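Notes for the one structure printed next.
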Amino acid sequence: MLHRFFHHIGTFSVQYRWLVVAIWVIGSIAAVRTLPSLASQVNNDNSAFLPSSAPSMRAESLAAPLGLNPDAAQVLIVADRPNGRLGVADQAALQRVVTAASHVPHVVSVREIGISPGGQAAQILATAHVNLANFNEETHLVDDLKGVITRTSLPSGLQLHLAGGIATNVANQHQSKRTGNRVQMLSILFIIVLLFLVYRSLVAPLLTLLPAALVLGVSGSFIGALGTTGVLKISEVTQVLLIVLVLGAGTDYGLFLVFRVKEELRRGLDHRAAVIRAVERVGESITASAGTVILALLSLLLASFGIYHDLGLPLALGIAVMLLAGLTFLPALLAIFGRAVFWPSRPTVGQSQEGWWGKVASRIVTKPAVALGIGIVVFGGLAGAISGYHAAGFGGALSAPKGSDAAVGNAALAKYFPKTSANPTNLILRYPKSVWSDPVEIVKAERVLAASGEFSKLIGPLDPTGVAISPSQLAILHKELGNPRLIPPLPPAGKGITLADYEAYRATADLIGKGGHTIQFEASLRAGAAGSTAAMNAVPVIRATLASAAKSSGATASGVAGEAPALYDVSSISDHDMVHIVPIAIIAIGLLLALVMRSLVAPLYLIASVALSYLAALGLAVLLFIEIGGGAGLTFLLPFLMFIFLLALGEDYNILMMTRIREESLYKRIREAVTHATAATGPTITSAGLVLAGTFAVLGFSGGGGPTGSQIQDIGFGLAIGILMDTFLVRTILVPSTVAILGRVNWWPSRLSREHHLQEDNRPSPGTSAQLKALVEE
């Protein structure tokens, strides 16, 4: 039934080949020209992918009155005069910048928020209402503010640069686009070179790769369009994995089809009949292979962590479009080019194809238990190295690319405003009544926090600049001066307020929220820098300490915001997702394998082989990158993504091999079927595995220069290791030996599990023109 369905697809693609090609080419050009690019939507901050229910995200919402509103975009403009103090002309220029920036679209407020202690630099804060899920809006905001700086006449020696998270994200986005282009170009070059070696042909490599390259442009445009709507948040991991997965898996599907066409030509079929026959016989394998990948990816939609959740749909979409192209566009191209596909070589009727894999399979089936036993021991030994695994890379990219305007601005911020650039942990408290009228609650909370010993530095509303303010003095200053966010840079004359007290009161604008009900302490953690693993591990204690301070001071709500708590939430949610999603993915793919294999036995050891391969590959990655390479750890993304991808991509090769073994088992005894199927599929699986592993290795080499370089490198090299082990050891040695041991039990409970159902081998062989015509018209 399925063979007839794919026979009709193949027939349609061959008969209407020019129409099929025209539709694909015109549609691809239209999609790329009219839809936004994927690279324009990339976000590199892992904490941006946390769900709103995460404690650190709830803390940010609690801090909205303090200006930490996650829905508001804040961009810092840092002005500095490296060789002297800011003068009157400089202050006038800054006021012109403030006025001009206030007219930038979406900007709702612009204000100068402080001068450095030495008087050499000043900060201007621009707040805008833009959709933070839409990077086009963020990019326009940053570009418009840069335009304000460029158009403003500045005194000689005065420098202005953008700084902060928004400017850093936009700079990283531009770097991500360059990284994606580099990965794409190097991957295509690598695949073409490898395919030339595999095919020994000048045309076949280009035709095999062309559908994947076309699909990459189409699917990237579709995903970019989804990103602009806010439906998806797109990380650089999504961007580069889409490139590698579509090019790698698409080339694999092309190899499956082209190798089968070549085999059918050797059987004596006409080139168009060979294409139809190849689609009929391999179409089910390609569809099932794509189905396993799509199911595994769609299981990520159940994830809580945004990088995982938002990874599933884009990659599944890319594979679905690739499947459609593999079943229609590539057959049409093969039908158009005919035997010229394999030029200058020429498939010869009756040509032997046993080769090296046939000899290996012959030896495996004679002593399958020995091969299986050795494989299990070796893989088990490698898996033992997992005990040395350490997670790292939770923060993603939080620094701007070297040489960018944001990098210069952040450096100036760190130099002149060290407290601003210290990446503090925010301890947020909300009270039922305003602290402006009764600041004693602040004292109570500060005592508990200071006594905990968890903080090396604590900046609060009563000590915002290093100048202490008593509770009564704070209340008096508020009564006389009003909202600290609205007062001018210099104190009013005749009030008797010192400049130090005035600057301290102005600084409370960032520590006491509008209305006075919400306050925060900016803390440096004794455990280490906010982005360190030690600081992340200290978060539960810090949260408990703040809860105690809230209780003693009468606060009704509390929360810890900042990098350390966000990374702790990333770690916790990532671990939770792995525990809950992996079993779902296994069950879904197991059911698909049972349908494809028509067996309840084969899926069990095929899934087990993936698990063994995964553990061994992760263990080898630990040995290479931590034990030998001396790395601090592997990116926390690797274990989960490695399992999902090896489960999905490993089953690609399982399906190709097992469907061929099943096909041969119709006509041969099981060990003979294993030998013949391994000989027939071994070159295909080897070539496909080298292509896929090679593209992931290219990702590791070329992706290291991007803003999330260490994460990309770990993922690229880790998956390359896993796929190579899967290709050369699991699919071509362990699985065939298991099939040989189990015999026809492999196919239980189907009829094929009973020996007497062997059929006569009546598949096409060098035959008459009548046979060929019957095949095309079938």
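Lettering and numbering for the structure tokens are positional, with chains as A, B, ... in the shown order, residues counted from 1 in each chain, and ligands counted from 1 in the shown order.
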I want to know what sits within 12 Å of Arg346 of chain A, based on only C-alpha atoms, with residues of the same chain fewer than 5 positions away left out; could you give that as a tab-separated table (two decimals) with C-alpha atoms, in the first residue's frame?
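Result went into out.tsv, see below:
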chain	number	residue	atom	x	y	z
A	199	TYR	CA	29.99	9.81	-6.00
A	200	ARG	CA	33.13	10.27	-8.13
A	201	SER	CA	30.86	12.48	-10.20
A	204	ALA	CA	25.47	14.20	-8.51
A	262	LYS	CA	22.29	3.95	-9.01
A	263	GLU	CA	21.45	0.47	-7.74
A	265	LEU	CA	20.37	1.42	-12.96
A	266	ARG	CA	22.72	-1.48	-12.26
A	271	HIS	CA	16.91	6.20	-15.81
A	338	GLY	CA	19.22	11.23	-16.43
A	339	ARG	CA	22.42	9.18	-16.55
A	340	ALA	CA	24.44	12.41	-16.76
A	341	VAL	CA	23.94	12.64	-12.99
A	351	GLN	CA	27.98	-4.44	-11.57
**Request:** Mind checking which residues fall within 12 Å of segment 382-387 of chain A, counting only C-alpha atoms, ignoring those fewer than 5 positions away in the same chain, and posting them as an MDAnalysis selection string?
**Result:** chainID A and resid 375:377 611:628 633:634 639 722 725
Export of prior selection with C-alpha atoms as a short mmCIF file (atom, residue, chain, number, x, y, z; two decimals), in the first residue's frame:
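Wrote it out as again10.cif, contents follow:
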data_model
loop_
_atom_site.label_atom_id
_atom_site.label_comp_id
_atom_site.auth_asym_id
_atom_site.auth_seq_id
_atom_site.Cartn_x
_atom_site.Cartn_y
_atom_site.Cartn_z
CA GLY A 375 30.69 -3.37 21.24
CA ILE A 376 28.76 -3.33 24.52
CA VAL A 377 31.98 -3.50 26.58
CA ALA A 611 20.72 5.08 24.43
CA LEU A 612 24.01 3.16 24.51
CA SER A 613 25.43 5.30 21.71
CA TYR A 614 24.34 8.47 23.49
CA LEU A 615 25.95 7.53 26.81
CA ALA A 616 29.19 6.50 25.10
CA ALA A 617 29.32 9.69 23.01
CA LEU A 618 28.68 11.93 26.02
CA GLY A 619 31.34 10.05 27.97
CA LEU A 620 33.84 10.49 25.13
CA ALA A 621 33.02 14.21 24.96
CA VAL A 622 33.75 14.48 28.70
CA LEU A 623 37.10 12.72 28.20
CA LEU A 624 38.12 14.90 25.26
CA PHE A 625 36.92 18.32 26.41
CA ILE A 626 37.14 18.18 30.22
CA GLU A 627 39.65 15.49 31.22
CA ILE A 628 42.09 15.93 28.32
CA GLY A 633 32.63 21.95 31.72
CA LEU A 634 30.36 21.24 28.75
CA PRO A 639 23.26 16.35 27.11
CA GLY A 722 28.00 10.86 18.56
CA MET A 725 30.13 6.45 16.61
#
Near Ala509 of chain A, counting only C-alpha atoms, which residues have an atom at most 8 Å away, once you skip same-chain residues fewer than 6 positions from it, shown as a PDB file with C-alpha atoms, in the first residue's frame?
ATOM      1  CA  LEU A  66      12.043  50.298  40.004  1.00  0.00           C
ATOM      2  CA  ASN A 483      10.511  62.397  43.358  1.00  0.00           C
ATOM      3  CA  PRO A 484      14.286  61.760  43.027  1.00  0.00           C
ATOM      4  CA  ARG A 485      13.802  60.792  39.372  1.00  0.00           C
TER       5      ARG A 485
END
**Item:** Pairwise distance for atom CA of Thr545 of chain A and atom CA of Thr508 of chain A, rounded to one decimal in Å
**Value:**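 Straight-line distance from atom CA of Thr545 of chain A to atom CA of Thr508 of chain A works out to 22.9 Å.
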**Message:** Please list as an MDAnalysis selection string every residue within 12 Å of Val539 of chain A, counting only C-alpha atoms and excluding residues in the same chain fewer than 5 positions away.
**Reply:** chainID A and resid 55:56 425:427 454:455 525:528 530:534 544:546 559:569 571:572
Grab the residues selected above and save them as a tab-separated table (two decimals), in the first residue's frame with N, CA, C and O atoms.
chain	number	residue	atom	x	y	z
A	55	PRO	N	10.96	31.85	39.08
A	55	PRO	CA	11.08	32.82	40.18
A	55	PRO	C	11.84	34.08	39.81
A	55	PRO	O	11.46	35.18	40.24
A	56	SER	N	12.89	33.97	39.00
A	56	SER	CA	13.64	35.17	38.62
A	56	SER	C	12.81	36.08	37.72
A	56	SER	O	12.94	37.31	37.77
A	425	THR	N	23.24	41.44	41.90
A	425	THR	CA	22.04	40.64	42.13
A	425	THR	C	21.04	41.54	42.84
A	425	THR	O	21.38	42.18	43.84
A	426	ASN	N	19.83	41.61	42.32
A	426	ASN	CA	18.82	42.54	42.84
A	426	ASN	C	17.94	41.83	43.86
A	426	ASN	O	17.27	40.84	43.54
A	427	LEU	N	17.91	42.37	45.07
A	427	LEU	CA	17.09	41.84	46.16
A	427	LEU	C	15.89	42.78	46.32
A	427	LEU	O	16.05	43.92	46.77
A	454	GLU	N	26.23	36.35	53.20
A	454	GLU	CA	26.17	35.89	51.81
A	454	GLU	C	26.62	36.95	50.82
A	454	GLU	O	26.82	36.64	49.64
A	455	PHE	N	26.79	38.21	51.29
A	455	PHE	CA	27.04	39.30	50.36
A	455	PHE	C	28.35	40.01	50.70
A	455	PHE	O	28.61	40.35	51.86
A	525	LEU	N	27.74	39.00	45.37
A	525	LEU	CA	27.67	37.74	46.10
A	525	LEU	C	29.04	37.29	46.56
A	525	LEU	O	30.02	37.32	45.80
A	526	ARG	N	29.13	36.86	47.81
A	526	ARG	CA	30.39	36.36	48.34
A	526	ARG	C	30.81	35.07	47.64
A	526	ARG	O	32.00	34.74	47.57
A	527	ALA	N	29.84	34.34	47.09
A	527	ALA	CA	30.15	33.07	46.41
A	527	ALA	C	30.96	33.27	45.14
A	527	ALA	O	31.69	32.37	44.71
A	528	GLY	N	30.88	34.46	44.52
A	528	GLY	CA	31.62	34.71	43.29
A	528	GLY	C	30.85	35.60	42.35
A	528	GLY	O	29.77	36.12	42.69
A	530	ALA	N	28.47	36.98	39.43
A	530	ALA	CA	27.08	36.58	39.22
A	530	ALA	C	26.93	35.51	38.15
A	530	ALA	O	25.99	34.71	38.19
A	531	GLY	N	27.84	35.48	37.17
A	531	GLY	CA	27.74	34.49	36.10
A	531	GLY	C	28.43	33.18	36.40
A	531	GLY	O	28.43	32.28	35.55
A	532	SER	N	29.01	33.03	37.59
A	532	SER	CA	29.76	31.82	37.92
A	532	SER	C	28.83	30.71	38.40
A	532	SER	O	27.72	30.95	38.87
A	533	THR	N	29.32	29.48	38.31
A	533	THR	CA	28.55	28.33	38.79
A	533	THR	C	28.37	28.40	40.30
A	533	THR	O	27.31	28.03	40.83
A	534	ALA	N	29.41	28.90	41.02
A	534	ALA	CA	29.31	29.00	42.48
A	534	ALA	C	28.19	29.96	42.88
A	534	ALA	O	27.42	29.68	43.82
A	544	ALA	N	16.32	32.26	50.40
A	544	ALA	CA	15.84	32.03	51.76
A	544	ALA	C	16.20	33.20	52.66
A	544	ALA	O	15.41	33.61	53.53
A	545	THR	N	17.40	33.77	52.48
A	545	THR	CA	17.82	34.93	53.28
A	545	THR	C	16.91	36.12	53.02
A	545	THR	O	16.49	36.82	53.96
A	546	LEU	N	16.58	36.37	51.76
A	546	LEU	CA	15.71	37.49	51.44
A	546	LEU	C	14.31	37.26	51.99
A	546	LEU	O	13.67	38.20	52.47
A	559	GLY	N	11.67	38.97	46.01
A	559	GLY	CA	12.19	38.20	44.88
A	559	GLY	C	13.63	38.57	44.59
A	559	GLY	O	14.06	39.69	44.89
A	560	VAL	N	14.37	37.62	44.03
A	560	VAL	CA	15.77	37.83	43.68
A	560	VAL	C	15.86	37.85	42.16
A	560	VAL	O	15.51	36.88	41.49
A	561	ALA	N	16.36	38.96	41.61
A	561	ALA	CA	16.51	39.10	40.17
A	561	ALA	C	17.99	39.29	39.84
A	561	ALA	O	18.81	39.52	40.72
A	562	GLY	N	18.30	39.16	38.56
A	562	GLY	CA	19.69	39.29	38.13
A	562	GLY	C	20.18	38.03	37.44
A	562	GLY	O	19.42	37.07	37.24
A	563	GLU	N	21.46	38.02	37.09
A	563	GLU	CA	22.01	36.92	36.30
A	563	GLU	C	22.05	35.61	37.09
A	563	GLU	O	21.64	34.56	36.58
A	564	ALA	N	22.56	35.65	38.32
A	564	ALA	CA	22.71	34.40	39.09
A	564	ALA	C	21.38	33.66	39.27
A	564	ALA	O	21.29	32.46	39.00
A	565	PRO	N	20.31	34.33	39.75
A	565	PRO	CA	19.04	33.62	39.89
A	565	PRO	C	18.45	33.16	38.57
A	565	PRO	O	17.82	32.10	38.49
A	566	ALA	N	18.67	33.97	37.51
A	566	ALA	CA	18.17	33.55	36.20
A	566	ALA	C	18.88	32.28	35.73
A	566	ALA	O	18.25	31.36	35.20
A	567	LEU	N	20.19	32.20	35.95
A	567	LEU	CA	20.93	31.01	35.54
A	567	LEU	C	20.55	29.80	36.38
A	567	LEU	O	20.52	28.67	35.87
A	568	TYR	N	20.25	30.02	37.64
A	568	TYR	CA	19.78	28.91	38.48
A	568	TYR	C	18.45	28.37	37.95
A	568	TYR	O	18.25	27.15	37.88
A	569	ASP	N	17.58	29.28	37.54
A	569	ASP	CA	16.30	28.85	36.97
A	569	ASP	C	16.50	28.14	35.63
A	569	ASP	O	15.81	27.16	35.33
A	571	SER	N	19.11	26.36	34.80
A	571	SER	CA	19.62	25.03	35.13
A	571	SER	C	18.50	24.11	35.60
A	571	SER	O	18.37	22.97	35.15
A	572	SER	N	17.68	24.61	36.54
A	572	SER	CA	16.60	23.78	37.12
A	572	SER	C	15.58	23.38	36.06
A	572	SER	O	15.17	22.22	35.99
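A straight line drawn from atom CA of Ala547 of chain A to atom CA of Ala303 of chain A is 28.8 Å long.
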**Fill in**
As a check of understanding: the span from atom CA of Val88 of chain A to atom CA of Phe417 of chain A is 20.8 Å
**Request:** From segment 550-735 of chain A, collect each residue whose DSSP state is alpha helix (DSSP H) and return the set as a PyMOL selection string.
**Result:** chain A and resi 550-553+563-597+602-622+637-665+670-702+709-725+735
**Request:** Find the residues near Phe717 of chain A: any atom within 7 Å, counting only C-alpha atoms, skip ones fewer than 3 places away on the same chain, and give them as a PyMOL selection string.
**Result:** chain A and resi 696-697+700+713-714+720-721
**Item:** Given only C-alpha atoms as the counted atoms, nearest of A:Ile374, A:Ala31, A:Ala54, A:Ala500 to Pro117 of chain A
**Value:** A:Ala500
**Message:** Can you tell me which residues surround Arg281 of chain A at a distance of at most 12 Å, considering only C-alpha atoms, apart from same-chain residues fewer than 5 positions away, and format the answer as a ChimeraX atom specification?
**Reply:** /A:1-10,256-261,263-264,274-276,286-287,327,656,659-660,662-663,763-764
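For Ala549 of chain A, the list of residues within 8 Å, based on only C-alpha atoms and with local chain neighbours fewer than 2 positions off taken out, reads Lys444, Ala445, Glu446, Val448, Leu449, Thr545, Leu546, Ala547, Lys551, Ser552 and Ser553 of chain A.
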Export C-alpha atoms of the chosen residues as a tab-separated table (two decimals), in the first residue's frame?
chain	number	residue	atom	x	y	z
A	444	LYS	CA	15.26	46.03	59.49
A	445	ALA	CA	15.67	44.34	56.11
A	446	GLU	CA	19.27	45.55	55.72
A	448	VAL	CA	19.08	40.64	58.21
A	449	LEU	CA	20.77	40.71	54.81
A	545	THR	CA	17.82	34.93	53.28
A	546	LEU	CA	15.71	37.49	51.44
A	547	ALA	CA	12.51	35.75	52.53
A	551	LYS	CA	9.33	38.56	57.11
A	552	SER	CA	11.25	40.58	59.70
A	553	SER	CA	10.60	43.92	57.96
**Request:** Point out the residue among A:Ala278, A:Ile188, A:Leu35, A:Leu481 with the least atom-to-atom distance to Gly254 of chain A, counting only C-alpha atoms.
**Result:** A:Ala278
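Candidate residues A:Ile712, A:Val601, A:Ala320, A:Ile581 were compared for distance to Val698 of chain A, and the nearest is A:Ile712, using only C-alpha atoms.
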**Request:** Using only C-alpha atoms, pick whichever of A:Asp80, A:Glu651, A:Glu480, A:Glu522 has the shortest atom-to-atom distance to Ile586 of chain A.
**Result:** A:Glu651
**Item:** For Leu477 of chain A, the nearest of the candidates A:Pro603, A:Pro583, A:Pro491, A:Gly318, counting only C-alpha atoms
**Value:** A:Pro491
